[in-house]
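See below for protein.pdb, which holds PDB, C-alpha atoms.
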```pdb
ATOM      1  CA  MET A   1     159.891  84.614 164.149
ATOM      2  CA  GLU A   2     156.301  84.040 165.223
ATOM      3  CA  ALA A   3     155.376  80.379 165.648
ATOM      4  CA  PRO A   4     152.936  79.023 163.043
ATOM      5  CA  ARG A   5     149.343  78.472 164.143
ATOM      6  CA  ILE A   6     147.524  75.327 163.057
ATOM      7  CA  LEU A   7     143.818  74.497 163.129
ATOM      8  CA  VAL A   8     143.273  70.805 163.938
ATOM      9  CA  VAL A   9     139.800  69.624 162.867
ATOM     10  CA  ASP A  10     138.725  66.159 164.035
ATOM     11  CA  ASP A  11     135.662  64.840 165.866
ATOM     12  CA  GLU A  12     137.780  62.403 167.924
ATOM     13  CA  ALA A  13     139.152  64.055 171.058
ATOM     14  CA  GLY A  14     142.021  61.565 171.350
ATOM     15  CA  VAL A  15     143.236  62.316 167.831
ATOM     16  CA  ARG A  16     142.988  66.088 168.362
ATOM     17  CA  ASP A  17     144.928  65.925 171.619
ATOM     18  CA  LEU A  18     147.618  63.692 170.104
ATOM     19  CA  ILE A  19     148.190  66.063 167.186
ATOM     20  CA  VAL A  20     148.170  69.185 169.383
ATOM     21  CA  ASP A  21     150.688  67.669 171.807
ATOM     22  CA  ALA A  22     152.976  66.528 168.994
ATOM     23  CA  LEU A  23     152.913  69.887 167.239
ATOM     24  CA  SER A  24     153.641  71.714 170.490
ATOM     25  CA  LEU A  25     156.911  69.763 170.748
ATOM     26  CA  ALA A  26     157.835  71.252 167.362
ATOM     27  CA  SER A  27     157.011  74.773 168.634
ATOM     28  CA  ILE A  28     153.809  74.894 166.611
ATOM     29  CA  THR A  29     150.722  76.399 168.238
ATOM     30  CA  SER A  30     147.371  74.696 167.638
ATOM     31  CA  ILE A  31     143.704  75.428 168.056
ATOM     32  CA  THR A  32     140.992  72.830 167.515
ATOM     33  CA  ALA A  33     137.537  72.314 166.037
ATOM     34  CA  THR A  34     135.309  69.279 166.513
ATOM     35  CA  HIS A  35     133.309  69.521 163.272
ATOM     36  CA  GLY A  36     133.221  71.260 159.922
ATOM     37  CA  MET A  37     130.897  74.143 160.817
ATOM     38  CA  GLU A  38     133.065  75.094 163.781
ATOM     39  CA  ALA A  39     136.144  74.830 161.572
ATOM     40  CA  LEU A  40     134.757  77.284 158.995
ATOM     41  CA  VAL A  41     133.960  79.814 161.727
ATOM     42  CA  LYS A  42     137.495  79.615 163.120
ATOM     43  CA  ILE A  43     139.040  79.800 159.658
ATOM     44  CA  ARG A  44     137.062  83.010 159.128
ATOM     45  CA  ASP A  45     137.721  84.575 162.541
ATOM     46  CA  GLU A  46     141.157  83.334 163.638
ATOM     47  CA  ALA A  47     144.713  83.893 162.401
ATOM     48  CA  ILE A  48     145.644  80.466 160.998
ATOM     49  CA  ASP A  49     148.597  79.303 158.894
ATOM     50  CA  LEU A  50     147.470  75.750 158.034
ATOM     51  CA  VAL A  51     144.509  73.396 158.538
ATOM     52  CA  ILE A  52     144.742  69.701 159.441
ATOM     53  CA  LEU A  53     141.341  68.407 158.347
ATOM     54  CA  ASP A  54     139.719  65.051 159.053
ATOM     55  CA  ILE A  55     137.339  63.720 156.398
ATOM     56  CA  ASN A  56     134.866  61.604 158.388
ATOM     57  CA  MET A  57     133.044  64.070 160.659
ATOM     58  CA  PRO A  58     129.419  64.739 161.654
ATOM     59  CA  ILE A  59     127.442  67.828 160.573
ATOM     60  CA  MET A  60     129.826  68.624 157.715
ATOM     61  CA  ASP A  61     132.582  66.326 156.451
ATOM     62  CA  GLY A  62     136.091  67.404 155.472
ATOM     63  CA  TYR A  63     135.413  67.370 151.741
ATOM     64  CA  GLU A  64     132.580  69.863 152.154
ATOM     65  CA  VAL A  65     134.727  72.083 154.392
ATOM     66  CA  LEU A  66     137.524  72.056 151.816
ATOM     67  CA  GLU A  67     135.136  72.781 148.969
ATOM     68  CA  LYS A  68     133.570  75.724 150.821
ATOM     69  CA  MET A  69     137.025  77.107 151.640
ATOM     70  CA  ARG A  70     138.209  77.044 148.038
ATOM     71  CA  ASP A  71     134.895  78.315 146.654
ATOM     72  CA  SER A  72     135.227  81.270 149.043
ATOM     73  CA  GLY A  73     138.737  82.020 147.825
ATOM     74  CA  ILE A  74     140.426  80.855 151.042
ATOM     75  CA  THR A  75     143.878  79.627 150.009
ATOM     76  CA  LEU A  76     145.110  78.384 153.396
ATOM     77  CA  PRO A  77     147.104  75.156 153.012
ATOM     78  CA  VAL A  78     145.172  72.036 154.053
ATOM     79  CA  ILE A  79     146.451  68.600 155.060
ATOM     80  CA  VAL A  80     143.671  66.008 154.847
ATOM     81  CA  LEU A  81     143.436  63.101 157.304
ATOM     82  CA  THR A  82     141.384  60.004 156.568
ATOM     83  CA  ALA A  83     141.069  56.326 157.407
ATOM     84  CA  ARG A  84     139.666  55.624 153.934
ATOM     85  CA  MET A  85     141.885  53.574 151.646
ATOM     86  CA  ASP A  86     140.288  54.181 148.239
ATOM     87  CA  ARG A  87     142.486  56.048 145.733
ATOM     88  CA  GLU A  88     139.399  57.964 144.636
ATOM     89  CA  ASP A  89     139.419  59.611 148.069
ATOM     90  CA  THR A  90     142.972  60.813 147.470
ATOM     91  CA  LYS A  91     142.037  62.101 144.039
ATOM     92  CA  ARG A  92     138.954  63.892 145.325
ATOM     93  CA  ALA A  93     140.907  65.602 148.113
ATOM     94  CA  PHE A  94     143.518  66.949 145.705
ATOM     95  CA  GLU A  95     140.917  67.994 143.139
ATOM     96  CA  LEU A  96     139.179  70.044 145.838
ATOM     97  CA  GLY A  97     142.455  71.790 146.629
ATOM     98  CA  ALA A  98     144.150  69.787 149.406
ATOM     99  CA  ASP A  99     147.888  70.307 149.757
ATOM    100  CA  ASP A 100     148.774  66.981 151.346
ATOM    101  CA  PHE A 101     147.038  63.747 152.286
ATOM    102  CA  VAL A 102     147.818  61.519 155.292
ATOM    103  CA  ARG A 103     146.130  58.206 156.013
ATOM    104  CA  LYS A 104     145.084  57.045 159.488
ATOM    105  CA  PRO A 105     146.675  55.498 161.428
ATOM    106  CA  PHE A 106     149.649  57.789 160.919
ATOM    107  CA  GLY A 107     153.025  58.291 162.576
ATOM    108  CA  ILE A 108     153.002  61.551 164.513
ATOM    109  CA  GLU A 109     156.573  62.304 163.433
ATOM    110  CA  GLU A 110     155.558  61.890 159.793
ATOM    111  CA  LEU A 111     152.597  64.232 160.245
ATOM    112  CA  THR A 112     154.783  66.857 161.935
ATOM    113  CA  LEU A 113     157.320  66.679 159.110
ATOM    114  CA  ARG A 114     154.575  67.059 156.519
ATOM    115  CA  VAL A 115     153.160  70.080 158.363
ATOM    116  CA  GLN A 116     156.602  71.691 158.392
ATOM    117  CA  ALA A 117     157.136  70.877 154.704
ATOM    118  CA  VAL A 118     153.820  72.431 153.638
ATOM    119  CA  LEU A 119     154.497  75.544 155.743
ATOM    120  CA  ARG A 120     157.957  75.932 154.179
ATOM    121  CA  ARG A 121     156.509  75.512 150.710
ATOM    122  CA  PHE A 122     153.905  78.226 151.238
ATOM    123  CA  LYS A 123     156.319  80.646 152.890
ATOM    124  CA  GLY A 124     158.669  80.202 149.952
ATOM    125  CA  GLN A 125     156.066  80.855 147.286
ATOM    126  CA  THR A 126     156.562  84.606 147.074
ATOM    127  CA  PRO A 127     159.865  85.681 145.517
ATOM    128  CA  SER A 128     161.242  89.246 145.660
ATOM    129  CA  ASP A 129     159.927  89.789 142.138
ATOM    130  CA  SER A 130     156.358  88.558 142.279
ATOM    131  CA  LEU A 131     155.773  88.732 138.511
ATOM    132  CA  ILE A 132     156.529  85.644 136.410
ATOM    133  CA  SER A 133     155.832  85.526 132.697
ATOM    134  CA  SER A 134     156.190  83.169 129.772
ATOM    135  CA  GLY A 135     154.813  83.987 126.332
ATOM    136  CA  GLU A 136     151.320  85.390 126.808
ATOM    137  CA  ILE A 137     151.009  84.159 130.401
ATOM    138  CA  THR A 138     151.700  86.527 133.298
ATOM    139  CA  MET A 139     151.514  85.443 136.948
ATOM    140  CA  ASP A 140     151.472  87.810 139.925
ATOM    141  CA  VAL A 141     152.414  85.674 142.909
ATOM    142  CA  ASP A 142     151.673  88.408 145.489
ATOM    143  CA  ARG A 143     148.159  88.993 144.181
ATOM    144  CA  HIS A 144     147.553  85.348 143.245
ATOM    145  CA  GLU A 145     146.472  86.459 139.751
ATOM    146  CA  VAL A 146     147.093  84.963 136.318
ATOM    147  CA  SER A 147     146.351  86.433 132.922
ATOM    148  CA  LEU A 148     146.604  85.275 129.325
ATOM    149  CA  GLY A 149     147.391  88.365 127.288
ATOM    150  CA  HIS A 150     145.025  90.946 128.757
ATOM    151  CA  THR A 151     142.460  88.361 129.883
ATOM    152  CA  PRO A 152     142.381  87.313 133.576
ATOM    153  CA  ILE A 153     142.216  83.531 134.043
ATOM    154  CA  ASP A 154     140.539  82.087 137.131
ATOM    155  CA  VAL A 155     142.642  79.255 138.582
ATOM    156  CA  SER A 156     142.345  77.228 141.772
ATOM    157  CA  PRO A 157     145.153  77.313 144.396
ATOM    158  CA  THR A 158     146.469  73.951 143.206
ATOM    159  CA  GLU A 159     146.319  74.967 139.538
ATOM    160  CA  PHE A 160     148.180  78.147 140.475
ATOM    161  CA  ARG A 161     151.008  76.236 142.180
ATOM    162  CA  LEU A 162     151.312  73.752 139.312
ATOM    163  CA  LEU A 163     151.434  76.548 136.746
ATOM    164  CA  GLN A 164     154.043  78.356 138.859
ATOM    165  CA  VAL A 165     156.283  75.279 138.845
ATOM    166  CA  PHE A 166     156.098  75.127 135.034
ATOM    167  CA  LEU A 167     156.779  78.859 134.679
ATOM    168  CA  ASP A 168     159.740  78.608 137.058
ATOM    169  CA  ASN A 169     161.229  75.734 135.019
ATOM    170  CA  PRO A 170     160.918  76.677 131.318
ATOM    171  CA  GLY A 171     162.350  74.057 128.974
ATOM    172  CA  ARG A 172     162.913  71.540 131.765
ATOM    173  CA  VAL A 173     161.203  68.155 131.583
ATOM    174  CA  LEU A 174     159.446  67.578 134.908
ATOM    175  CA  SER A 175     158.372  64.086 135.906
ATOM    176  CA  LYS A 176     155.075  63.352 137.629
ATOM    177  CA  ASP A 177     156.979  62.452 140.809
ATOM    178  CA  GLN A 178     158.766  65.807 140.756
ATOM    179  CA  LEU A 179     155.487  67.629 140.257
ATOM    180  CA  LEU A 180     153.811  65.669 143.056
ATOM    181  CA  ALA A 181     156.668  66.600 145.388
ATOM    182  CA  GLN A 182     156.788  70.281 144.429
ATOM    183  CA  VAL A 183     153.072  70.994 144.140
ATOM    184  CA  TRP A 184     151.484  68.554 146.578
ATOM    185  CA  GLY A 185     154.497  67.606 148.696
ATOM    186  CA  VAL A 186     153.604  63.918 148.545
ATOM    187  CA  ASP A 187     154.790  60.799 146.837
ATOM    188  CA  ASN A 188     153.879  57.449 148.373
ATOM    189  CA  TYR A 189     150.236  58.340 149.014
ATOM    190  CA  ALA A 190     149.458  60.192 145.820
ATOM    191  CA  ASP A 191     148.059  58.885 142.580
ATOM    192  CA  PRO A 192     150.173  60.214 139.667
ATOM    193  CA  ASN A 193     146.920  60.551 137.714
ATOM    194  CA  VAL A 194     146.228  63.605 139.856
ATOM    195  CA  VAL A 195     148.989  65.389 137.907
ATOM    196  CA  GLU A 196     147.376  64.435 134.593
ATOM    197  CA  THR A 197     144.030  65.726 135.859
ATOM    198  CA  TYR A 198     145.433  69.121 136.793
ATOM    199  CA  VAL A 199     147.474  69.427 133.608
ATOM    200  CA  SER A 200     144.236  68.872 131.671
ATOM    201  CA  TYR A 201     142.571  71.642 133.710
ATOM    202  CA  LEU A 202     145.378  74.078 132.800
ATOM    203  CA  ARG A 203     145.250  73.106 129.129
ATOM    204  CA  LYS A 204     141.512  73.717 128.988
ATOM    205  CA  LYS A 205     141.872  77.149 130.568
ATOM    206  CA  PHE A 206     144.912  78.374 128.625
ATOM    207  CA  GLY A 207     144.599  76.483 125.330
ATOM    208  CA  THR A 208     147.547  77.044 122.997
ATOM    209  CA  GLY A 209     148.652  79.927 125.231
ATOM    210  CA  LEU A 210     150.233  77.276 127.454
ATOM    211  CA  PRO A 211     152.856  75.493 125.295
ATOM    212  CA  LEU A 212     153.052  72.412 127.497
ATOM    213  CA  ARG A 213     154.452  69.299 125.833
ATOM    214  CA  THR A 214     153.800  65.780 127.083
ATOM    215  CA  VAL A 215     157.036  63.788 127.142
ATOM    216  CA  ARG A 216     155.716  60.251 126.903
ATOM    217  CA  GLY A 217     156.805  58.031 129.761
ATOM    218  CA  VAL A 218     158.552  60.917 131.544
ATOM    219  CA  GLY A 219     156.424  63.974 132.272
ATOM    220  CA  TYR A 220     155.805  67.478 130.943
ATOM    221  CA  GLN A 221     157.859  70.305 129.455
ATOM    222  CA  LEU A 222     156.967  73.979 129.086
ATOM    223  CA  THR A 223     158.394  74.866 125.686
ATOM    224  CA  GLU A 224     159.178  78.247 124.163
ATOM    225  CA  GLN A 225     157.004  77.639 121.105
ATOM    226  CA  VAL A 226     153.235  77.514 121.050
ATOM    227  CA  ILE A 227     152.104  73.959 120.306
ATOM    228  CA  PRO A 228     149.386  73.787 117.646
TER     229      PRO A 228
END
```

Kindly return the structure encoded in the file as structure tokens.
Amino acid sequence: MEAPRILVVDDEAGVRDLIVDALSLASITSITATHGMEALVKIRDEAIDLVILDINMPIMDGYEVLEKMRDSGITLPVIVLTARMDREDTKRAFELGADDFVRKPFGIEELTLRVQAVLRRFKGQTPSDSLISSGEITMDVDRHEVSLGHTPIDVSPTEFRLLQVFLDNPGRVLSKDQLLAQVWGVDNYADPNVVETYVSYLRKKFGTGLPLRTVRGVGYQLTEQVIP
């Protein structure tokens, strides 16, 4: 199996070299970029499986890179790195479509494990039967398309993964921690309110076509009946 290829984006040479060396020990190939503009060029021109993206960079910061990626329809998984400690930074990263969030200073073993976890999650997203349906909702995993009845619904990569988890678990009550683990692959660093934010996005887009029940104090349940 071909080794995964990671783009490491950070303006600090020491950090880039540390990450590249650590990933090489896990048989993961890396290329690097020193700022956001360079990163976008390499994302466009190179074969990449995942991006490790620093937030505080000159020319173009990580948030802007992530936003431009998602606005362009680029669904590559992204792990955000930052020294910032504000929970709003975590929330903003996930709202822009980040797949994981690691604070500096970080343990290199932890980062490597998170890279491997995100890669496994994305490789496992496409089942043999790519069509999933529930009620009026149909999801084509191969094409990354969702429709409500005959109407296509535009969803972000993170909204897509969250909806897929609900469709894969009809009738099951899923806690916020379970959703954080399955959709974002994080727990200790994530604000559970991120789940509420994305659930609200799905509800706005699908309305009563998404019969998602809030189980107070526990989580959410995709029911068989449309909720008025």

Using all atoms listed in the file, which residue out of A:Phe166, A:Tyr201, A:Tyr220, A:Trp184 lies closest to Ala93 of chain A? A:Trp184

Please enumerate the residues selected by the PyMOL selection byres ((chain A and resi 195) around 12) when evaluated against the supplied file, formatted as a VMD selection string. chain A and resid 91 94 to 95 158 to 159 161 to 163 174 to 184 186 to 187 190 to 194 196 to 202 214 219 to 220

What is the distance, in Å and to one decimal place, between atom CA of Asn56 of chain A and atom CA of Ala3 of chain A? 28.7 Å

Counting all atoms listed in the file, what is within 12 Å of His144 of chain A, bar same-chain residues fewer than 5 positions away, as a list of chain:residue names?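 Here the qualifying residues turn out to be A:Gly73, A:Ile74, A:Thr75, A:Gln125, A:Thr126, A:Ser130, A:Leu131, A:Ile132, A:Thr138, A:Met139, A:Pro152, A:Ile153, A:Asp154, A:Val155, A:Ser156, A:Pro157, A:Thr158, A:Glu159, A:Phe160, A:Arg161, A:Leu163, A:Gln164.
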
How would you write, as a VMD selection string, the residues chosen by the PyMOL selection byres ((chain A and resi 101) around 6) on this structure? chain A and resid 79 to 80 100 102

Which of these, A:Met69, A:Leu23, A:Leu7, A:Phe206, has the shortest distance to Asp49 of chain A once you count only C-alpha atoms?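 Of A:Met69, A:Leu23, A:Leu7, A:Phe206, the one nearest Asp49 of chain A is A:Leu7, counting only C-alpha atoms.
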
To one decimal place in Å, what is the distance between atom CA of Lys68 of chain A and atom CA of Thr151 of chain A? 26.0 Å

Using only C-alpha atoms, which residue out of A:Leu148, A:Leu81, A:Leu76, A:Met37 lies closest to Pro58 of chain A?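 Nearest to Pro58 of chain A: A:Met37.
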
Distance atom CA of Pro77 of chain A-atom CA of Leu53 of chain A, one decimal place?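 Rounded to one decimal, the two atoms are 10.4 Å apart.
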
Output of the PyMOL selection byres ((chain A and resi 8) around 8), listed as a PyMOL selection string: chain A and resi 6-7+9-10+16+19-20+30-33+51-53

Show me, as a list in words, the residues that have an atom within 12 Å of Ile59 of chain A when counting all atoms listed in the file, minus same-chain residues fewer than 4 positions from it. Asp10, Asp11, Thr34, His35, Gly36, Met37, Glu38, Ala39, Ile55, Tyr63, Glu64 and Val65 of chain A

From the set A:Leu96, A:Ala83, A:Val78, A:Met57, which residue has the shortest atom-to-atom contact distance to Arg114 of chain A, counting only C-alpha atoms?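 Ranked by minimum distance to Arg114 of chain A, first place goes to A:Val78.
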